[in-house]
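File shown: structure_4.csv. Contents: CSV, C-alpha atoms.
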chain,number,residue,atom,x,y,z
A,13,MET,CA,0.0,0.0,0.0
A,14,GLN,CA,1.4,3.4,-1.0
A,15,LEU,CA,0.8,6.3,1.3
A,16,SER,CA,-0.4,9.6,-0.2
A,17,GLU,CA,1.3,12.8,0.9
A,18,LEU,CA,-1.9,13.6,2.9
A,19,ASP,CA,-1.7,10.2,4.7
A,20,ARG,CA,1.9,10.9,5.6
A,21,GLU,CA,1.0,14.4,6.9
A,22,LEU,CA,-1.9,12.9,8.8
A,23,ILE,CA,0.4,10.3,10.4
A,24,ARG,CA,2.9,13.0,11.4
A,25,ALA,CA,0.1,15.2,12.9
A,26,THR,CA,-1.5,12.4,15.0
A,27,GLN,CA,1.3,10.0,15.9
A,28,GLY,CA,2.0,12.0,19.1
A,29,GLY,CA,-1.8,11.9,19.9
A,30,LEU,CA,-5.1,13.6,19.1
A,31,PRO,CA,-5.6,17.2,20.3
A,32,LEU,CA,-7.8,17.2,23.3
A,33,VAL,CA,-10.3,19.7,22.1
A,34,PRO,CA,-14.1,19.3,21.3
A,35,ARG,CA,-13.4,19.1,17.5
A,36,PRO,CA,-10.1,17.2,17.3
A,37,TYR,CA,-10.4,16.3,13.6
A,38,GLU,CA,-11.2,19.8,12.6
A,39,ALA,CA,-8.1,21.0,14.6
A,40,ILE,CA,-5.9,18.5,12.7
A,41,GLY,CA,-7.5,19.5,9.4
A,42,ALA,CA,-6.7,23.2,10.1
A,43,MET,CA,-3.0,22.3,10.5
A,44,LEU,CA,-3.0,20.4,7.2
A,45,GLY,CA,-5.3,22.8,5.2
A,46,VAL,CA,-8.2,20.4,4.8
A,47,SER,CA,-11.6,20.1,6.5
A,48,GLY,CA,-12.4,18.0,9.6
A,49,GLY,CA,-14.5,15.8,7.4
A,50,VAL,CA,-11.6,14.9,5.1
A,51,VAL,CA,-9.5,14.0,8.2
A,52,GLN,CA,-12.3,11.7,9.5
A,53,ASP,CA,-12.7,10.1,6.1
A,54,ARG,CA,-9.0,9.4,5.7
A,55,LEU,CA,-8.7,7.9,9.2
A,56,GLN,CA,-11.8,5.8,8.5
A,57,VAL,CA,-10.1,4.4,5.3
A,58,MET,CA,-6.8,3.8,7.1
A,59,GLN,CA,-8.7,1.9,9.8
A,60,GLU,CA,-10.4,-0.3,7.2
A,61,GLN,CA,-7.1,-0.9,5.5
A,62,GLY,CA,-5.5,-2.0,8.8
A,63,LEU,CA,-3.0,0.9,8.7
A,64,ILE,CA,-4.6,2.1,11.9
A,65,ARG,CA,-5.0,-0.8,14.4
A,66,ARG,CA,-7.3,1.2,16.7
A,67,ILE,CA,-8.0,4.8,17.9
A,68,GLY,CA,-7.8,5.0,21.6
A,69,ILE,CA,-5.6,5.1,24.7
A,70,VAL,CA,-2.2,3.6,25.3
A,71,PRO,CA,-2.0,2.8,29.0
A,72,ASN,CA,1.1,2.8,31.1
A,73,HIS,CA,0.7,-0.7,32.4
A,74,TYR,CA,2.9,0.0,35.4
A,75,ARG,CA,0.7,2.9,36.5
A,76,LEU,CA,-2.4,0.6,36.2
A,77,GLY,CA,-1.0,-1.8,38.7
A,78,PHE,CA,0.5,-4.3,36.2
A,79,THR,CA,4.0,-3.7,37.4
A,80,ALA,CA,5.4,-7.1,36.3
A,81,ASN,CA,6.3,-7.4,32.7
A,82,GLY,CA,7.9,-10.6,31.5
A,83,MET,CA,9.1,-11.3,28.0
A,84,THR,CA,8.8,-15.1,27.9
A,85,VAL,CA,10.8,-16.8,25.2
A,86,TRP,CA,10.4,-20.4,24.0
A,87,ASP,CA,12.4,-22.9,22.0
A,88,VAL,CA,9.5,-24.6,20.1
A,89,LEU,CA,9.8,-27.3,17.5
A,90,ASP,CA,9.7,-25.6,14.1
A,91,HIS,CA,6.9,-27.7,12.7
A,92,GLU,CA,4.7,-26.9,15.8
A,93,VAL,CA,5.5,-23.3,16.4
A,94,ASP,CA,2.8,-21.7,14.3
A,95,ALA,CA,-0.1,-23.8,15.8
A,96,ILE,CA,1.3,-23.1,19.3
A,97,GLY,CA,1.8,-19.4,18.6
A,98,GLU,CA,-1.8,-19.0,17.7
A,99,LYS,CA,-2.9,-20.6,21.0
A,100,VAL,CA,-0.5,-18.5,23.1
A,101,GLY,CA,-1.6,-15.3,21.4
A,102,SER,CA,-5.2,-15.9,22.4
A,103,LEU,CA,-4.4,-16.3,26.1
A,104,PRO,CA,-5.5,-13.4,28.4
A,105,GLY,CA,-2.6,-11.3,29.6
A,106,VAL,CA,-0.5,-11.9,26.5
A,107,SER,CA,0.1,-8.6,24.7
A,108,HIS,CA,2.4,-9.7,21.9
A,109,CYS,CA,3.2,-13.0,20.4
A,110,TYR,CA,5.7,-13.4,17.6
A,111,ARG,CA,7.9,-16.0,15.9
A,112,ARG,CA,11.5,-14.7,15.6
A,113,PRO,CA,14.8,-16.1,14.5
A,114,ARG,CA,17.1,-18.0,16.8
A,115,HIS,CA,20.7,-16.9,17.3
A,116,LEU,CA,22.5,-20.1,18.0
A,117,PRO,CA,24.3,-21.0,20.2
A,118,GLN,CA,23.5,-18.1,22.6
A,119,TRP,CA,19.8,-17.7,21.8
A,120,PRO,CA,17.8,-20.9,21.1
A,121,TYR,CA,14.3,-19.3,21.4
A,122,ASN,CA,12.0,-18.8,18.4
A,123,LEU,CA,8.7,-17.8,20.1
A,124,PHE,CA,8.3,-14.6,22.1
A,125,ALA,CA,5.2,-13.9,24.2
A,126,MET,CA,4.9,-10.8,26.4
A,127,LEU,CA,3.1,-11.3,29.7
A,128,HIS,CA,1.7,-8.7,32.1
A,129,GLY,CA,0.8,-9.2,35.7
A,130,ARG,CA,0.5,-7.5,39.1
A,131,SER,CA,3.5,-9.4,40.4
A,132,ARG,CA,6.3,-11.6,39.1
A,133,GLU,CA,4.5,-14.6,40.7
A,134,GLU,CA,1.5,-13.9,38.6
A,135,VAL,CA,3.6,-13.8,35.4
A,136,ALA,CA,5.5,-16.9,36.4
A,137,LEU,CA,2.2,-18.7,36.9
A,138,GLN,CA,1.0,-17.7,33.5
A,139,ALA,CA,4.3,-18.9,32.0
A,140,ARG,CA,3.8,-22.3,33.8
A,141,GLU,CA,0.3,-22.6,32.2
A,142,ILE,CA,1.9,-21.9,28.8
A,143,GLU,CA,4.6,-24.5,29.4
A,144,LYS,CA,2.0,-27.1,30.3
A,145,MET,CA,0.1,-26.3,27.2
A,146,MET,CA,3.2,-26.7,25.0
A,147,GLY,CA,4.2,-30.0,26.4
A,148,SER,CA,6.9,-31.8,24.6
A,149,ALA,CA,6.9,-29.3,21.7
A,150,CYS,CA,8.9,-27.0,23.8
A,151,ARG,CA,12.6,-27.7,24.5
A,152,GLY,CA,13.2,-24.9,26.9
A,153,HIS,CA,12.2,-21.4,27.9
A,154,ASP,CA,13.2,-18.3,29.9
A,155,ILE,CA,11.5,-15.2,31.3
A,156,LEU,CA,13.2,-11.9,30.9
A,157,TYR,CA,11.6,-9.4,33.4
A,158,SER,CA,11.9,-5.8,32.6
A,159,SER,CA,13.4,-3.6,35.3
A,160,ALA,CA,13.1,-0.2,33.6
A,161,ILE,CA,11.3,1.4,30.7
A,162,LEU,CA,14.2,3.3,29.0
A,163,LYS,CA,12.1,4.8,26.2
A,164,LYS,CA,8.5,4.5,24.9
A,165,THR,CA,7.6,6.8,22.1
A,166,GLY,CA,6.3,4.6,19.4
A,167,PHE,CA,6.8,4.9,15.7
A,168,ARG,CA,7.8,8.3,14.4
A,169,MET,CA,7.5,9.1,10.7
A,170,LYS,CA,10.5,11.1,9.4
A,171,GLU,CA,9.9,14.8,8.5
A,172,ALA,CA,9.5,15.4,4.8
B,3,MET,CA,-4.9,8.1,41.9
B,4,LEU,CA,-7.2,6.0,39.8
B,5,ASN,CA,-10.8,6.2,40.8
B,6,HIS,CA,-13.8,4.3,39.5
B,7,ASP,CA,-14.6,6.9,36.9
B,8,ASP,CA,-11.0,6.9,35.5
B,9,ILE,CA,-11.1,3.1,35.1
B,10,LEU,CA,-14.5,3.4,33.3
B,11,LEU,CA,-13.0,6.0,31.0
B,12,ILE,CA,-9.8,4.0,30.3
B,13,ASP,CA,-11.9,0.9,29.6
B,14,HIS,CA,-14.2,2.8,27.4
B,15,LEU,CA,-11.5,4.5,25.3
B,16,HIS,CA,-9.4,1.4,24.6
B,17,GLY,CA,-10.5,1.6,21.0
B,18,GLY,CA,-13.2,2.6,18.7
B,19,PHE,CA,-12.9,6.4,19.3
B,20,PRO,CA,-15.7,7.8,17.1
B,21,LEU,CA,-14.8,9.4,13.8
B,22,VAL,CA,-17.4,12.2,14.1
B,23,ASP,CA,-17.3,16.0,14.4
B,24,ARG,CA,-17.5,16.0,18.2
B,25,PRO,CA,-16.2,12.5,19.3
B,26,PHE,CA,-15.7,13.5,23.0
B,27,LEU,CA,-19.3,14.6,23.1
B,28,GLN,CA,-20.4,11.1,21.8
B,29,VAL,CA,-18.2,9.4,24.4
B,30,ALA,CA,-19.6,11.7,27.1
B,31,GLN,CA,-23.2,10.8,26.2
B,32,GLN,CA,-22.4,7.1,26.4
B,33,LEU,CA,-20.9,7.6,29.9
B,34,GLY,CA,-23.5,10.1,31.0
B,35,TRP,CA,-20.8,12.7,31.6
B,36,SER,CA,-20.3,16.2,30.1
B,37,GLU,CA,-17.9,16.7,27.1
B,38,ASP,CA,-15.7,18.9,29.2
B,39,ARG,CA,-15.4,16.3,31.9
B,40,VAL,CA,-14.2,13.6,29.4
B,41,ILE,CA,-11.6,16.0,28.0
B,42,GLU,CA,-10.4,17.1,31.4
B,43,ARG,CA,-10.1,13.6,32.8
B,44,LEU,CA,-8.2,12.4,29.7
B,45,GLN,CA,-5.9,15.4,29.9
B,46,ALA,CA,-5.2,14.6,33.6
B,47,LEU,CA,-4.5,10.9,33.0
B,48,LEU,CA,-2.1,11.8,30.3
B,49,SER,CA,-0.3,14.4,32.2
B,50,GLU,CA,-0.1,12.2,35.3
B,51,GLY,CA,1.5,9.5,33.1
B,52,VAL,CA,-1.3,6.9,33.7
B,53,LEU,CA,-1.7,7.0,29.9
B,54,THR,CA,1.2,7.3,27.6
B,55,ARG,CA,-0.8,8.4,24.5
B,56,PHE,CA,-4.3,8.9,23.1
B,57,GLY,CA,-4.9,8.7,19.4
B,58,PRO,CA,-4.6,6.4,16.3
B,59,LEU,CA,-2.2,3.4,16.6
B,60,PHE,CA,-0.6,3.0,13.3
B,61,GLN,CA,0.4,-0.4,11.9
B,62,ILE,CA,3.1,0.8,9.6
B,63,GLU,CA,3.8,-2.7,8.3
B,64,ARG,CA,0.8,-2.2,6.1
B,65,ALA,CA,2.6,0.6,4.3
B,66,GLY,CA,6.0,-1.1,4.0
B,67,GLY,CA,7.2,-0.1,7.4
B,68,VAL,CA,9.0,-2.5,9.8
B,69,PHE,CA,9.5,-3.0,13.5
B,70,VAL,CA,12.6,-4.9,14.4
B,71,LEU,CA,13.3,-6.1,18.0
B,72,ALA,CA,17.0,-6.0,18.8
B,73,ALA,CA,19.1,-6.8,21.9
B,74,MET,CA,22.5,-6.0,23.3
B,75,ALA,CA,24.6,-7.3,26.2
B,76,VAL,CA,25.7,-4.0,27.8
B,77,PRO,CA,28.3,-3.9,30.5
B,78,PRO,CA,26.7,-2.6,33.7
B,79,GLN,CA,29.2,0.3,34.1
B,80,ASP,CA,28.4,1.6,30.6
B,81,TYR,CA,24.6,1.1,30.8
B,82,ASP,CA,23.6,4.8,31.2
B,83,THR,CA,25.9,6.0,28.4
B,84,VAL,CA,24.8,3.3,26.0
B,85,THR,CA,21.1,4.0,26.9
B,86,ASP,CA,21.6,7.7,25.9
B,87,LYS,CA,23.3,6.7,22.6
B,88,VAL,CA,20.6,4.2,21.7
B,89,ASN,CA,17.6,6.4,22.7
B,90,ALA,CA,19.1,9.3,20.7
B,91,PHE,CA,18.0,7.5,17.5
B,92,PRO,CA,14.4,8.7,16.7
B,93,GLU,CA,13.8,5.3,15.0
B,94,VAL,CA,14.2,3.6,18.5
B,95,ALA,CA,10.5,3.4,19.4
B,96,HIS,CA,10.8,1.4,22.7
B,97,ASN,CA,13.7,0.5,24.9
B,98,TYR,CA,13.5,-1.8,28.0
B,99,ARG,CA,16.1,-2.9,30.5
B,100,ARG,CA,15.7,-6.6,31.1
B,101,GLU,CA,17.3,-9.0,33.6
B,102,HIS,CA,19.4,-11.3,31.3
B,103,VAL,CA,22.9,-11.3,29.8
B,104,LEU,CA,21.2,-9.5,26.9
B,105,ASN,CA,20.1,-6.7,29.1
B,106,MET,CA,18.9,-4.0,26.6
B,107,TRP,CA,16.0,-4.8,24.3
B,108,PHE,CA,14.8,-2.1,21.9
B,109,VAL,CA,12.5,-1.8,18.9
B,110,VAL,CA,13.6,0.0,15.8
B,111,ALA,CA,10.6,1.3,13.8
B,112,ALA,CA,11.5,2.4,10.2
B,113,GLU,CA,9.7,3.1,7.0
B,114,SER,CA,11.5,0.3,5.2
B,115,SER,CA,13.5,-2.8,5.8
B,116,ALA,CA,16.6,-1.2,4.4
B,117,ASP,CA,16.2,1.8,6.7
B,118,ALA,CA,15.9,-0.5,9.7
B,119,THR,CA,19.0,-2.5,8.8
B,120,ASN,CA,20.9,0.8,8.4
B,121,VAL,CA,19.8,2.1,11.7
B,122,LEU,CA,20.7,-1.2,13.5
B,123,LYS,CA,24.2,-0.9,11.9
B,124,ARG,CA,24.6,2.7,13.1
B,125,ILE,CA,23.4,1.8,16.6
B,126,GLN,CA,26.0,-1.0,16.7
B,127,GLU,CA,28.7,1.5,15.7
B,128,ALA,CA,27.5,4.2,18.2
B,129,ALA,CA,27.4,1.7,21.1
B,130,GLY,CA,30.4,-0.3,20.1
B,131,LEU,CA,28.5,-3.5,21.0
B,132,GLU,CA,27.1,-6.3,18.9
B,133,VAL,CA,23.4,-5.9,18.1
B,134,LEU,CA,21.4,-9.1,17.7
B,135,ALA,CA,18.3,-8.5,15.5
B,136,PHE,CA,15.1,-10.4,16.0
B,137,PRO,CA,12.9,-9.4,13.1
B,138,LYS,CA,9.3,-10.6,13.3
B,139,GLU,CA,8.8,-13.7,11.2
B,140,ARG,CA,5.2,-14.1,12.1
B,141,GLU,CA,2.7,-12.4,14.3
B,142,TYR,CA,0.1,-14.4,16.1
B,143,PHE,CA,-3.4,-13.0,16.9
B,144,VAL,CA,-3.3,-10.9,20.0
B,145,GLU,CA,-5.8,-8.5,21.5
B,146,LEU,CA,-4.7,-7.5,25.0
B,147,ARG,CA,-7.3,-6.0,27.3
B,148,LEU,CA,-6.1,-6.0,30.8
B,149,PRO,CA,-8.9,-6.9,33.2
B,150,LEU,CA,-9.1,-3.5,34.7
B,151,GLN,CA,-12.7,-3.4,36.0
B,152,ALA,CA,-12.3,-6.8,37.6
B,153,SER,CA,-9.1,-5.6,39.3
B,154,MET,CA,-10.5,-2.3,40.6
B,155,ALA,CA,-10.4,-3.4,44.2
B,156,THR,CA,-6.8,-4.5,43.9
B,157,ILE,CA,-5.7,-1.3,42.2
B,158,GLY,CA,-7.7,0.8,44.6
B,159,GLY,CA,-6.3,-1.1,47.6
B,160,ALA,CA,-2.7,-0.5,46.5
B,161,GLN,CA,-3.1,3.3,47.0
So, in terms of structure tokens, how does the structure I just supplied come out?
Amino acid sequence: MQLSELDRELIRATQGGLPLVPRPYEAIGAMLGVSGGVVQDRLQVMQEQGLIRRIGIVPNHYRLGFTANGMTVWDVLDHEVDAIGEKVGSLPGVSHCYRRPRHLPQWPYNLFAMLHGRSREEVALQAREIEKMMGSACRGHDILYSSAILKKTGFRMKEA
Amino acid sequence: MLNHDDILLIDHLHGGFPLVDRPFLQVAQQLGWSEDRVIERLQALLSEGVLTRFGPLFQIERAGGVFVLAAMAVPPQDYDTVTDKVNAFPEVAHNYRREHVLNMWFVVAAESSADATNVLKRIQEAAGLEVLAFPKEREYFVELRLPLQASMATIGGAQ
């Protein structure tokens, strides 16, 4: 999908957030020289195309009480990893689930699932459930807890 | 401090923010609040850092963009210096310290795969450390909604 120049401007104008005013789309349109209606229509199309995943809030999990964040990583048999990945992705508390390359010998893991909980015990418990579900398809796993958020800005489109 | 109304608002605004002339008014009517109150509470939650952002979440892969997870093993005594160097790249979208030999995990977001490769190379040079890249090979279906309303008592009790 090719982005139009208006799309690119729209992404730049909204990637930091929507203006908190009664008519936010009109405010964005005023910056770009188009009407609020045009902004709404483009955002609608981008949403239908999947270029916008959703329009809403991004919570700070820590501040909502979900202080434990564990990146669980799994060494899953190659021919079973996709079926297992789908199952793991549908579990509550999993925010991302991806298949990624191994870096042997130091990194044998090919499935990554991010878990969130109110304590490390809660995360460890979720990980044990996943381990049970995987059974013999999993040869090993690890949990990498985060101890600090160093940066969290999201994607930034380059200036034209 | 998160009260019952804040949790209601956060749950309500997870997604599906209306694409209409006065979207906050529409949200307000659904909640039985005033438009001003919705905007003020949202503003407060953002400035208090309870929310990191409010707006469209772009999935740039649909337009050729890429997100690449990468990791480095940073010597503890150099950690702050390396953090500054890595975070200085605007393409670094997230960066987390994790408890492992590979103790710095960051995501490079770029408009193309070639851009991402180039940025990872520049980060490796700037940091003077090997960067291991973990590009996404496949994404499995995920829709995270933390069980906020159910955990209200817990969150309230912690304050």
Write out as a tab-separated table a residue-level contact list of chain B versus chain A with cut-off 6 Å: for each qualifying residue the closest pair of atoms and the distance in Å to one decimal, counting all atoms listed in the file, rows sorted by chain and residue number upward.
residue	atom	partner	partner_atom	distance
B:Leu15	CA	A:Gly68	CA	5.3
B:His16	CA	A:Gly68	CA	5.0
B:Gly17	CA	A:Gly68	CA	4.4
B:Gly18	CA	A:Ile67	CA	5.7
B:Phe19	CA	A:Ile67	CA	5.3
B:Leu21	CA	A:Gln52	CA	5.5
B:Asp23	CA	A:Arg35	CA	5.9
B:Arg24	CA	A:Arg35	CA	5.2
B:Val52	CA	A:Arg75	CA	5.3
B:Leu53	CA	A:Pro71	CA	4.3
B:Thr54	CA	A:Val70	CA	5.5
B:Arg55	CA	A:Val70	CA	5.1
B:Phe56	CA	A:Ile69	CA	4.3
B:Gly57	CA	A:Gly29	CA	4.5
B:Pro58	CA	A:Ile67	CA	4.1
B:Leu59	CA	A:Ile64	CA	5.4
B:Phe60	CA	A:Ile64	CA	4.3
B:Gln61	CA	A:Leu63	CA	4.8
B:Arg64	CA	A:Leu63	CA	5.6
B:Ala65	CA	A:Met13	CA	5.1
B:Ala95	CA	A:Gly166	CA	4.4
B:His96	CA	A:Lys164	CA	4.4
B:Asn97	CA	A:Lys163	CA	4.8
B:Tyr98	CA	A:Ile161	CA	4.7
B:Arg99	CA	A:Ala160	CA	5.1
B:Arg100	CA	A:Ser158	CA	4.2
B:Glu101	CA	A:Leu156	CA	5.7
B:Ala111	CA	A:Phe167	CA	5.6
B:Phe136	CA	A:Arg112	CA	5.6
B:Lys138	CA	A:Arg112	CA	5.2
B:Glu139	CA	A:Arg112	CA	5.3
B:Arg140	CA	A:Arg111	CA	5.0
B:Glu141	CA	A:Tyr110	CA	4.6
B:Tyr142	CA	A:Glu98	CA	5.2
B:Phe143	CA	A:Gly101	CA	5.4
B:Val144	CA	A:Gly101	CA	4.9
B:Leu146	CA	A:Ser107	CA	4.9
B:Ile157	CA	A:Gly77	CA	5.9
### Task
Tell me, as a PyMOL selection string, which residues lie within 7 Å of region 128-133 of chain B, counting only C-alpha atoms; anything in the same chain fewer than 2 positions away does not count.
chain B and resi 72-74+84+87+124-126+135
Residue contacts of Val70 (chain B) (6 Å, all atoms listed in the file) excluding same-chain residues fewer than 5 positions away, as a PDB file with C-alpha atoms, keeping the file's coordinate frame:
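File written: out31.pdb
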ATOM      1  CA  VAL B 109      12.500  -1.800  18.900  1.00  0.00           C
ATOM      2  CA  VAL B 110      13.600   0.000  15.800  1.00  0.00           C
ATOM      3  CA  PRO B 137      12.900  -9.400  13.100  1.00  0.00           C
TER       4      PRO B 137
END
### Query
So which residues are close to (14.0, -18.5, 24.1), meaning at most 6 Å away in the file's coordinates with all atoms listed in the file counted, and can you show them as a VMD selection string?
chain A and resid 85 to 87 120 to 121 153 to 154
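Picture a line from CA of Leu27 (chain B) to CA of Glu50 (chain B); it runs 22.9 Å.
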